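What's in protein-v2.cif: mmCIF, C-alpha atoms
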```cif
data_upload
#
loop_
_atom_site.label_atom_id
_atom_site.label_comp_id
_atom_site.auth_asym_id
_atom_site.auth_seq_id
_atom_site.Cartn_x
_atom_site.Cartn_y
_atom_site.Cartn_z
CA MET R 195 -24.43 17.84 -45.99
CA ASN R 196 -21.91 18.75 -48.68
CA LYS R 197 -20.69 22.07 -47.40
CA PRO R 198 -17.20 22.09 -45.92
CA LEU R 199 -17.23 21.17 -42.27
CA ARG R 200 -16.20 23.87 -39.87
CA TYR R 201 -16.26 24.10 -36.11
CA PRO R 202 -18.18 26.90 -34.38
CA ASN R 203 -14.87 28.54 -33.44
CA GLY R 204 -13.94 28.78 -37.11
CA GLN R 205 -11.40 25.97 -37.03
CA MET R 206 -11.57 23.20 -39.61
CA PRO R 207 -12.36 19.72 -38.31
CA LEU R 208 -9.56 17.40 -37.28
CA GLN R 209 -8.27 15.13 -39.97
CA THR R 210 -9.62 11.76 -38.89
CA SER R 211 -12.60 10.80 -40.97
CA GLN R 212 -15.93 9.66 -39.63
CA LYS R 213 -16.42 7.03 -42.33
CA GLN R 214 -17.97 3.95 -40.89
CA SER R 215 -15.60 1.03 -40.81
CA ALA R 216 -16.79 -2.56 -40.99
CA ALA R 217 -15.53 -3.14 -37.46
CA ARG R 218 -17.48 -0.26 -36.00
CA ARG R 219 -20.79 -0.79 -37.78
CA GLY R 220 -23.60 -1.31 -35.34
CA MET R 221 -21.56 -0.31 -32.32
CA THR R 222 -23.55 1.82 -29.95
CA LEU R 223 -22.48 5.21 -28.73
CA GLU R 224 -22.18 3.80 -25.22
CA HIS R 225 -19.83 1.09 -26.46
CA ASP R 226 -17.71 3.61 -28.33
CA LEU R 227 -17.49 5.91 -25.32
CA ASN R 228 -16.60 3.10 -22.94
CA GLN R 229 -13.87 1.94 -25.31
CA SER R 230 -12.55 5.50 -25.68
CA ASN R 231 -12.57 6.00 -21.91
CA GLN R 232 -10.61 2.78 -21.52
CA TYR R 233 -8.13 4.09 -24.09
CA TYR R 234 -7.78 7.36 -22.16
CA LEU R 235 -7.24 5.40 -18.93
CA ASP R 236 -4.71 2.99 -20.48
CA HIS R 237 -2.78 5.87 -22.01
CA ASP R 238 -2.92 7.87 -18.79
CA LEU R 239 -4.70 10.80 -20.43
CA ALA R 240 -7.80 11.07 -18.24
CA VAL R 241 -9.94 9.15 -15.77
CA ILE R 242 -13.52 9.10 -17.05
CA TYR R 243 -16.26 6.60 -16.21
CA LYS R 244 -19.88 5.98 -17.01
CA LYS R 245 -21.84 6.28 -13.80
CA PRO R 246 -23.73 3.09 -12.91
CA THR R 247 -27.48 3.12 -13.55
CA PRO R 248 -29.23 3.75 -10.24
CA ILE R 249 -31.29 0.75 -9.17
CA GLN R 250 -33.59 0.54 -6.17
CA VAL R 251 -33.13 -2.85 -4.54
CA VAL R 252 -36.29 -4.12 -2.85
CA LYS R 253 -35.58 -7.77 -2.05
CA VAL R 254 -32.45 -9.90 -1.87
CA ASP R 255 -31.90 -13.60 -1.38
CA TYR R 256 -29.01 -14.41 0.94
CA ALA R 257 -29.53 -18.13 0.51
CA ALA R 258 -27.64 -18.17 -2.79
CA ARG R 259 -24.12 -19.51 -2.38
CA ASN R 260 -21.18 -17.16 -2.81
CA LYS R 261 -22.98 -13.95 -3.53
CA THR R 262 -26.10 -12.01 -2.67
CA LYS R 263 -28.80 -12.42 -5.30
CA ILE R 264 -31.11 -9.47 -5.88
CA ILE R 265 -34.59 -10.80 -6.65
CA GLU R 266 -36.65 -7.62 -6.80
CA ALA R 267 -35.37 -4.27 -7.98
CA TYR R 268 -36.37 -1.34 -10.18
CA TYR R 269 -34.57 1.18 -12.34
CA GLN R 270 -34.56 4.68 -10.87
CA THR R 271 -34.45 8.01 -12.68
CA PRO R 272 -30.84 9.24 -12.51
CA SER R 273 -30.31 12.57 -10.72
CA THR R 274 -27.22 13.33 -12.75
CA ILE R 275 -25.86 12.74 -16.26
CA ASP R 276 -24.09 9.68 -17.64
CA TYR R 277 -20.34 10.25 -17.63
CA SER R 278 -17.92 12.05 -15.36
CA GLY R 279 -14.25 12.25 -14.64
CA VAL R 280 -11.13 14.32 -14.45
CA TYR R 281 -8.99 15.63 -17.31
CA LYS R 282 -6.12 18.12 -17.01
CA GLY R 283 -7.42 19.13 -13.60
CA TYR R 284 -10.91 19.85 -14.87
CA HIS R 285 -14.11 18.13 -13.84
CA LEU R 286 -15.81 16.65 -16.91
CA ASP R 287 -19.50 15.80 -16.80
CA PHE R 288 -21.47 14.82 -19.88
CA GLU R 289 -24.49 13.07 -21.28
CA ALA R 290 -24.56 10.90 -24.42
CA LYS R 291 -27.60 10.36 -26.65
CA GLU R 292 -28.26 8.59 -29.93
CA THR R 293 -31.04 9.42 -32.33
CA HIS R 294 -32.27 7.48 -35.36
CA SER R 295 -33.94 10.56 -36.80
CA LYS R 296 -32.49 11.91 -40.06
CA THR R 297 -33.76 15.40 -39.49
CA SER R 298 -33.54 16.37 -35.84
CA PHE R 299 -32.74 15.56 -32.22
CA PRO R 300 -35.92 15.39 -30.13
CA PHE R 301 -35.86 17.37 -26.89
CA ARG R 302 -37.72 14.57 -25.15
CA SER R 303 -34.44 12.59 -25.24
CA ILE R 304 -33.13 14.83 -22.48
CA HIS R 305 -34.88 15.20 -19.14
CA PRO R 306 -35.39 18.70 -17.74
CA HIS R 307 -33.51 17.72 -14.56
CA GLN R 308 -30.50 16.80 -16.71
CA ILE R 309 -30.52 20.29 -18.20
CA ASP R 310 -30.70 21.72 -14.67
CA TYR R 311 -27.79 19.48 -13.70
CA ILE R 312 -25.65 20.69 -16.63
CA GLU R 313 -26.42 24.29 -15.71
CA LYS R 314 -25.39 23.69 -12.08
CA VAL R 315 -22.09 21.95 -12.78
CA LEU R 316 -21.15 24.59 -15.37
CA LYS R 317 -21.73 27.24 -12.73
CA HIS R 318 -19.23 25.49 -10.45
CA GLY R 319 -16.57 25.33 -13.16
CA ALA R 320 -17.15 21.93 -14.74
CA ILE R 321 -16.61 21.21 -18.42
CA SER R 322 -20.04 19.89 -19.32
CA PHE R 323 -21.46 18.90 -22.69
CA VAL R 324 -23.80 16.57 -24.54
CA ILE R 325 -22.59 14.08 -27.13
CA VAL R 326 -25.27 13.41 -29.74
CA ARG R 327 -24.98 10.72 -32.38
CA PHE R 328 -27.09 10.77 -35.52
CA VAL R 329 -27.05 7.04 -36.22
CA PHE R 330 -28.29 7.40 -39.82
CA TYR R 331 -25.35 9.61 -40.81
CA ASP R 332 -22.95 7.91 -38.36
CA LYS R 333 -21.95 11.35 -37.19
CA THR R 334 -21.33 12.25 -33.59
CA TYR R 335 -21.46 15.81 -32.33
CA LEU R 336 -20.30 17.43 -29.13
CA VAL R 337 -22.54 20.27 -27.98
CA GLU R 338 -21.17 22.58 -25.30
CA GLY R 339 -23.28 22.57 -22.14
CA ASP R 340 -24.23 26.25 -22.21
CA LYS R 341 -25.42 25.98 -25.83
CA MET R 342 -27.53 22.93 -25.04
CA VAL R 343 -29.04 24.65 -22.00
CA ASN R 344 -29.88 27.76 -24.08
CA VAL R 345 -31.42 25.94 -27.02
CA TYR R 346 -33.39 23.74 -24.63
CA ARG R 347 -34.74 26.65 -22.58
CA GLN R 348 -35.61 28.79 -25.61
CA ARG R 349 -37.26 25.91 -27.37
CA GLU R 350 -39.59 27.04 -30.06
CA ARG R 351 -40.21 23.52 -31.35
CA SER R 352 -39.96 19.97 -30.06
CA SER R 353 -36.54 19.16 -31.48
CA ILE R 354 -33.19 20.57 -32.64
CA PRO R 355 -32.73 20.34 -36.43
CA TYR R 356 -29.72 18.42 -37.75
CA SER R 357 -28.48 21.59 -39.45
CA TRP R 358 -28.20 23.25 -36.02
CA PHE R 359 -25.61 20.65 -35.04
CA GLU R 360 -23.66 21.23 -38.27
CA GLU R 361 -23.47 24.92 -37.42
CA ASN R 362 -23.22 24.97 -33.65
CA ALA R 363 -21.63 21.74 -32.52
CA TYR R 364 -18.28 20.02 -32.96
CA LEU R 365 -17.99 16.91 -35.08
CA VAL R 366 -16.17 14.34 -32.96
CA PRO R 367 -13.30 12.61 -34.77
CA SER R 368 -13.83 8.90 -35.06
CA SER R 369 -11.31 6.16 -35.71
CA PHE R 370 -10.62 2.58 -34.78
CA TYR R 371 -8.98 3.23 -31.43
CA PRO R 372 -10.16 5.28 -29.70
CA SER R 373 -13.52 5.04 -31.47
CA LEU R 374 -14.45 8.57 -30.50
CA ASP R 375 -11.63 10.92 -29.63
CA TYR R 376 -13.82 13.47 -27.89
CA LEU R 377 -11.00 14.80 -25.68
CA LYS R 378 -9.60 16.41 -28.85
CA ILE R 379 -12.77 18.51 -28.89
CA VAL R 380 -12.63 19.10 -25.14
CA ASP R 381 -9.16 20.59 -25.71
CA LEU R 382 -10.74 23.12 -28.07
CA ILE R 383 -13.40 24.20 -25.58
CA LEU R 384 -11.32 24.07 -22.39
CA PRO R 385 -10.09 27.67 -22.20
CA LYS R 386 -13.35 29.17 -23.40
CA GLU R 387 -15.50 27.43 -20.81
CA VAL R 388 -13.03 27.79 -17.98
CA ASN R 389 -12.33 31.48 -18.53
CA GLN R 390 -15.91 32.50 -19.07
CA MET O 104 -7.58 11.74 23.30
CA ASN O 105 -7.07 14.68 25.63
CA LYS O 106 -4.32 16.52 23.84
CA PRO O 107 -5.34 19.69 22.00
CA LEU O 108 -6.53 18.99 18.49
CA ARG O 109 -4.43 20.40 15.70
CA TYR O 110 -4.51 19.95 11.97
CA PRO O 111 -1.48 18.59 10.10
CA ASN O 112 -0.84 22.05 8.67
CA GLY O 113 -0.56 23.48 12.19
CA GLN O 114 -3.95 25.20 12.18
CA MET O 115 -6.33 24.66 15.07
CA PRO O 116 -9.58 22.83 14.28
CA LEU O 117 -12.63 24.80 13.27
CA GLN O 118 -14.91 25.83 16.09
CA THR O 119 -17.88 23.55 15.57
CA SER O 120 -17.81 20.73 18.06
CA GLN O 121 -18.13 17.07 17.22
CA LYS O 122 -20.25 16.27 20.26
CA GLN O 123 -22.92 13.80 19.40
CA SER O 124 -26.38 15.34 19.46
CA ALA O 125 -29.48 13.32 20.19
CA ALA O 126 -30.70 13.94 16.67
CA ARG O 127 -27.57 12.58 15.03
CA ARG O 128 -27.06 9.51 17.16
CA GLY O 129 -27.01 6.38 15.11
CA MET O 130 -26.86 8.20 11.79
CA THR O 131 -24.52 6.54 9.38
CA LEU O 132 -21.66 8.28 7.63
CA GLU O 133 -23.43 7.75 4.32
CA HIS O 134 -26.54 9.47 5.65
CA ASP O 135 -24.50 12.39 6.97
CA LEU O 136 -22.64 12.81 3.68
CA ASN O 137 -25.81 12.64 1.62
CA GLN O 138 -27.41 15.25 3.83
CA SER O 139 -24.33 17.47 3.63
CA ASN O 140 -24.19 17.11 -0.16
CA GLN O 141 -27.85 18.13 -0.33
CA TYR O 142 -27.01 21.16 1.80
CA TYR O 143 -24.16 22.09 -0.55
CA LEU O 144 -26.49 21.69 -3.54
CA ASP O 145 -29.32 23.69 -1.96
CA HIS O 146 -26.92 26.48 -1.00
CA ASP O 147 -25.28 26.43 -4.41
CA LEU O 148 -21.84 25.68 -3.00
CA ALA O 149 -20.98 22.49 -4.88
CA VAL O 150 -22.50 19.64 -6.87
CA ILE O 151 -21.45 16.35 -5.26
CA TYR O 152 -23.21 13.00 -5.50
CA LYS O 153 -22.74 9.45 -4.28
CA LYS O 154 -22.26 7.24 -7.31
CA PRO O 155 -24.86 4.50 -7.59
CA THR O 156 -23.77 0.99 -6.61
CA PRO O 157 -23.00 -0.95 -9.78
CA ILE O 158 -25.42 -3.83 -10.26
CA GLN O 159 -25.27 -6.47 -12.98
CA VAL O 160 -28.81 -7.10 -14.21
CA VAL O 161 -29.33 -10.68 -15.42
CA LYS O 162 -33.08 -11.03 -15.81
CA VAL O 163 -35.99 -8.61 -16.03
CA ASP O 164 -39.72 -9.11 -16.09
CA TYR O 165 -41.50 -6.83 -18.55
CA ALA O 166 -44.89 -8.25 -17.61
CA ALA O 167 -45.13 -6.05 -14.54
CA ARG O 168 -47.41 -3.08 -15.11
CA ASN O 169 -45.92 0.41 -15.24
CA LYS O 170 -42.28 -0.39 -14.76
CA THR O 171 -39.67 -2.99 -15.58
CA LYS O 172 -39.07 -5.34 -12.67
CA ILE O 173 -35.57 -6.73 -12.25
CA ILE O 174 -35.83 -10.31 -10.98
CA GLU O 175 -32.20 -11.44 -11.04
CA ALA O 176 -29.22 -9.19 -10.44
CA TYR O 177 -25.93 -9.11 -8.52
CA TYR O 178 -23.81 -6.46 -6.86
CA GLN O 179 -20.60 -5.73 -8.76
CA THR O 180 -17.28 -4.53 -7.40
CA PRO O 181 -17.11 -0.79 -8.06
CA SER O 182 -14.24 0.35 -10.31
CA THR O 183 -14.16 3.76 -8.71
CA ILE O 184 -14.74 5.35 -5.30
CA ASP O 185 -18.00 6.45 -3.74
CA TYR O 186 -18.46 10.19 -4.16
CA SER O 187 -17.60 12.67 -6.87
CA GLY O 188 -18.48 16.15 -7.96
CA VAL O 189 -17.35 19.65 -8.73
CA TYR O 190 -16.38 22.39 -6.27
CA LYS O 191 -14.78 25.73 -7.15
CA GLY O 192 -13.80 24.32 -10.53
CA TYR O 193 -12.06 21.30 -9.03
CA HIS O 194 -12.95 17.67 -9.53
CA LEU O 195 -13.62 16.07 -6.14
CA ASP O 196 -13.46 12.30 -5.77
CA PHE O 197 -13.58 10.54 -2.42
CA GLU O 198 -14.32 7.39 -0.51
CA ALA O 199 -16.07 7.17 2.86
CA LYS O 200 -15.57 4.42 5.44
CA GLU O 201 -16.79 3.74 8.95
CA THR O 202 -15.02 1.60 11.49
CA HIS O 203 -16.26 0.32 14.84
CA SER O 204 -12.73 -0.34 16.05
CA LYS O 205 -11.51 1.81 18.95
CA THR O 206 -7.87 1.40 18.07
CA SER O 207 -7.34 1.39 14.32
CA PHE O 208 -8.69 1.50 10.78
CA PRO O 209 -8.18 -1.86 9.04
CA PHE O 210 -6.61 -1.71 5.58
CA ARG O 211 -9.00 -4.40 4.38
CA SER O 212 -11.76 -1.76 4.42
CA ILE O 213 -10.22 -0.28 1.28
CA HIS O 214 -9.70 -2.31 -1.90
CA PRO O 215 -6.34 -2.07 -3.67
CA HIS O 216 -8.10 -0.92 -6.87
CA GLN O 217 -9.58 1.99 -4.91
CA ILE O 218 -6.07 3.06 -3.88
CA ASP O 219 -5.00 2.81 -7.54
CA TYR O 220 -8.01 4.91 -8.50
CA ILE O 221 -7.14 7.63 -5.96
CA GLU O 222 -3.56 7.70 -7.26
CA LYS O 223 -4.78 8.06 -10.86
CA VAL O 224 -7.25 10.87 -10.28
CA LEU O 225 -4.73 12.77 -8.14
CA LYS O 226 -2.29 12.56 -11.03
CA HIS O 227 -4.87 14.21 -13.29
CA GLY O 228 -5.46 17.06 -10.86
CA ALA O 229 -8.41 15.84 -8.82
CA ILE O 230 -8.87 16.65 -5.15
CA SER O 231 -9.15 13.15 -3.75
CA PHE O 232 -9.40 11.95 -0.16
CA VAL O 233 -10.84 9.37 2.18
CA ILE O 234 -13.29 10.21 4.94
CA VAL O 235 -12.96 7.80 7.87
CA ARG O 236 -15.36 7.74 10.79
CA PHE O 237 -14.47 6.12 14.09
CA VAL O 238 -17.98 5.31 15.25
CA PHE O 239 -16.95 4.65 18.87
CA TYR O 240 -15.53 8.15 19.28
CA ASP O 241 -18.03 9.73 16.86
CA LYS O 242 -15.11 11.42 15.17
CA THR O 243 -14.77 11.78 11.44
CA TYR O 244 -11.42 12.39 9.77
CA LEU O 245 -10.50 13.50 6.28
CA VAL O 246 -7.28 11.94 5.00
CA GLU O 247 -5.69 13.50 1.92
CA GLY O 248 -5.44 11.08 -0.99
CA ASP O 249 -1.65 11.10 -1.29
CA LYS O 250 -1.25 10.37 2.43
CA MET O 251 -3.69 7.47 2.24
CA VAL O 252 -1.92 6.05 -0.82
CA ASN O 253 1.47 6.32 0.93
CA VAL O 254 0.42 4.75 4.21
CA TYR O 255 -1.38 1.98 2.31
CA ARG O 256 1.57 1.18 0.06
CA GLN O 257 4.13 1.27 2.87
CA ARG O 258 2.00 -0.82 5.12
CA GLU O 259 3.93 -2.44 7.87
CA ARG O 260 0.85 -3.76 9.64
CA SER O 261 -2.75 -4.57 8.80
CA SER O 262 -4.31 -1.31 9.96
CA ILE O 263 -3.72 2.38 10.60
CA PRO O 264 -3.72 3.25 14.34
CA TYR O 265 -6.22 5.81 15.58
CA SER O 266 -3.34 8.02 16.74
CA TRP O 267 -2.15 8.28 13.11
CA PHE O 268 -5.43 9.98 12.22
CA GLU O 269 -5.09 12.41 15.15
CA GLU O 270 -1.68 13.42 13.85
CA ASN O 271 -2.06 13.18 10.07
CA ALA O 272 -5.70 13.76 9.21
CA TYR O 273 -8.17 16.59 9.52
CA LEU O 274 -11.04 16.34 12.00
CA VAL O 275 -14.20 17.17 10.03
CA PRO O 276 -16.44 19.70 11.77
CA SER O 277 -19.83 18.30 12.58
CA SER O 278 -23.05 20.11 13.30
CA PHE O 279 -26.77 19.77 12.79
CA TYR O 280 -26.91 21.06 9.23
CA PRO O 281 -24.78 20.22 7.37
CA SER O 282 -23.96 17.16 9.48
CA LEU O 283 -20.40 17.05 8.18
CA ASP O 284 -18.99 20.24 6.75
CA TYR O 285 -16.13 18.55 4.92
CA LEU O 286 -15.82 21.32 2.30
CA LYS O 287 -14.35 23.47 5.08
CA ILE O 288 -11.48 20.98 5.16
CA VAL O 289 -11.32 20.80 1.37
CA ASP O 290 -10.77 24.57 1.42
CA LEU O 291 -7.69 24.00 3.58
CA ILE O 292 -6.18 21.41 1.25
CA LEU O 293 -7.17 22.97 -2.09
CA PRO O 294 -4.05 25.01 -2.84
CA LYS O 295 -1.66 22.39 -1.51
CA GLU O 296 -3.02 19.55 -3.63
CA VAL O 297 -3.58 21.62 -6.72
CA ASN O 298 -0.19 23.29 -6.71
CA GLN O 299 1.78 20.18 -5.96
#
```
Please express what this file holds, its structure, as structure tokens.
Amino acid sequence: MNKPLRYPNGQMPLQTSQKQSAARRGMTLEHDLNQSNQYYLDHDLAVIYKKPTPIQVVKVDYAARNKTKIIEAYYQTPSTIDYSGVYKGYHLDFEAKETHSKTSFPFRSIHPHQIDYIEKVLKHGAISFVIVRFVFYDKTYLVEGDKMVNVYRQRERSSIPYSWFEENAYLVPSSFYPSLDYLKIVDLILPKEVNQ
Amino acid sequence: MNKPLRYPNGQMPLQTSQKQSAARRGMTLEHDLNQSNQYYLDHDLAVIYKKPTPIQVVKVDYAARNKTKIIEAYYQTPSTIDYSGVYKGYHLDFEAKETHSKTSFPFRSIHPHQIDYIEKVLKHGAISFVIVRFVFYDKTYLVEGDKMVNVYRQRERSSIPYSWFEENAYLVPSSFYPSLDYLKIVDLILPKEVNQ
């Protein structure tokens, strides 16, 4: 944990620190991403949204005044990953996961069909990645889609060690606003992924 | 209705006819698009999905065996448009609407925030458009995003006449499988929109 931070491409991390501020403490990754996406939208940098959770509606009550009330419904397994949008003409598609483990990121956090999805969109030219937050360290990493697919497919154990992220992923700069400036990292990976 | 069909760019329509087959009769536009998107996925041409309808969940019942049952929820107004995905490295984002009118497409079918959304994603390099089906004629048109934004903003009446679509939009080729081969039209508009 004390070695100098370095990105996989050899660059040093961006200057913003990831120290937890009082304001941010306890904020979930989803909250931070939604706030950052709002920042990107307000500043006309990108249009990125969290996809709604798919819900199967079984029964509705039209008797309620004003609006239709859903009275029986179930969560469905999503066919895709959580976030998508457009940035500098590129299609962005990514998943976000938190783990409370100090040592590793369990593979069971990602569904096999999500790995298939990442592989497919990459093939069609998307910029796809997984954002993983280690809550204990309050560190958030961006893992390029092809790396996540490879490590997932070659899996020799049930999880990815924390040290793997330090060596193979990008530390996402964190601040007050935007909470997580992950587009700074996307800028670093744009040409590599697009020209591959 | 009897004049020769021609695309706005001067090209003649693709050869597939839009005659209604017995199998397709009564199929909704959403059904046809979902089937076409499945075709594109199966044939490894593109990855395009309908975004789930956003639903605000108010109350759930954990007592149900196996899975969480939602017992109070409401439909929310979507912040985005219906379909998105990646094709040839481009971000696709589009809305689909049916009308039963023989004469025109009412502007009230599209929310102002959806027009704003189309304008924003176009600005960031997306390929964005609106697919409009005139159910009476069983004809489905693709309207480029910038044209839809313009005609919506300049609106002098409450709807767009059917003749406007004949002159300004692309007739989407229809067949058995895929039901609506709209990527054929996207191919025609790709360079124009991207290089603008």
- request: I would like the residues chosen by the PyMOL selection byres ((chain O) within 10 of (chain R)) on the shown file; could you give them as a PyMOL selection string?
  value: chain O and resi 144+147-152+154-164+170-178+181-183+187-196+220+223-230+297
message: I'd like the interatomic distance between atom CA of R:Ser322 and atom CA of R:Ser230, to a tenth of an Å.
response: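 Separation of atom CA of R:Ser322 and atom CA of R:Ser230: 17.4 Å.
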Between atom CA of R:Phe299 and atom CA of R:Ile354, distance in Å (one decimal):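 Going from atom CA of R:Phe299 over to atom CA of R:Ile354, I get 5.0 Å.
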message: Which residues are close to R:Leu374, i.e. within 10 Å by only C-alpha atoms, leaving aside same-chain residues fewer than 3 positions away? Reply as a PyMOL selection string.
response: chain R and resi 212+223+226-231+334+366-371+377-378
field: Among listed residues R:Pro355, R:Asp276, R:His237, R:Ser298, nearest R:Val329 (using all atoms listed in the file)
entry: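 Closest candidate: R:Ser298.
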task: To verify the selection step, state as a VMD selection string which residues the PyMOL selection byres ((chain O and resi 254-258) around 10) yields on this input.
output: chain O and resid 210 213 215 218 249 to 253 259 to 263 267
- request: Between atom CA of R:Gln232 and atom CA of O:Ile234, measure the distance and give it in Å to one decimal.
  value: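 About the pair atom CA of R:Gln232 and atom CA of O:Ile234: they are 27.6 Å apart.
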- prompt: Of the candidates O:Ala199, O:Val289, O:Tyr165, O:Met130, which shows the shortest atom-to-atom distance to O:Lys153, using all atoms listed in the file?
  reply: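 Using all atoms listed in the file, the shortest distance to O:Lys153 belongs to O:Ala199.
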field: Shell around R:Thr293 at 10 Å using all atoms listed in the file, local window under 2 positions removed, as a PyMOL selection string
entry: chain R and resi 291+295-300+303+326-330
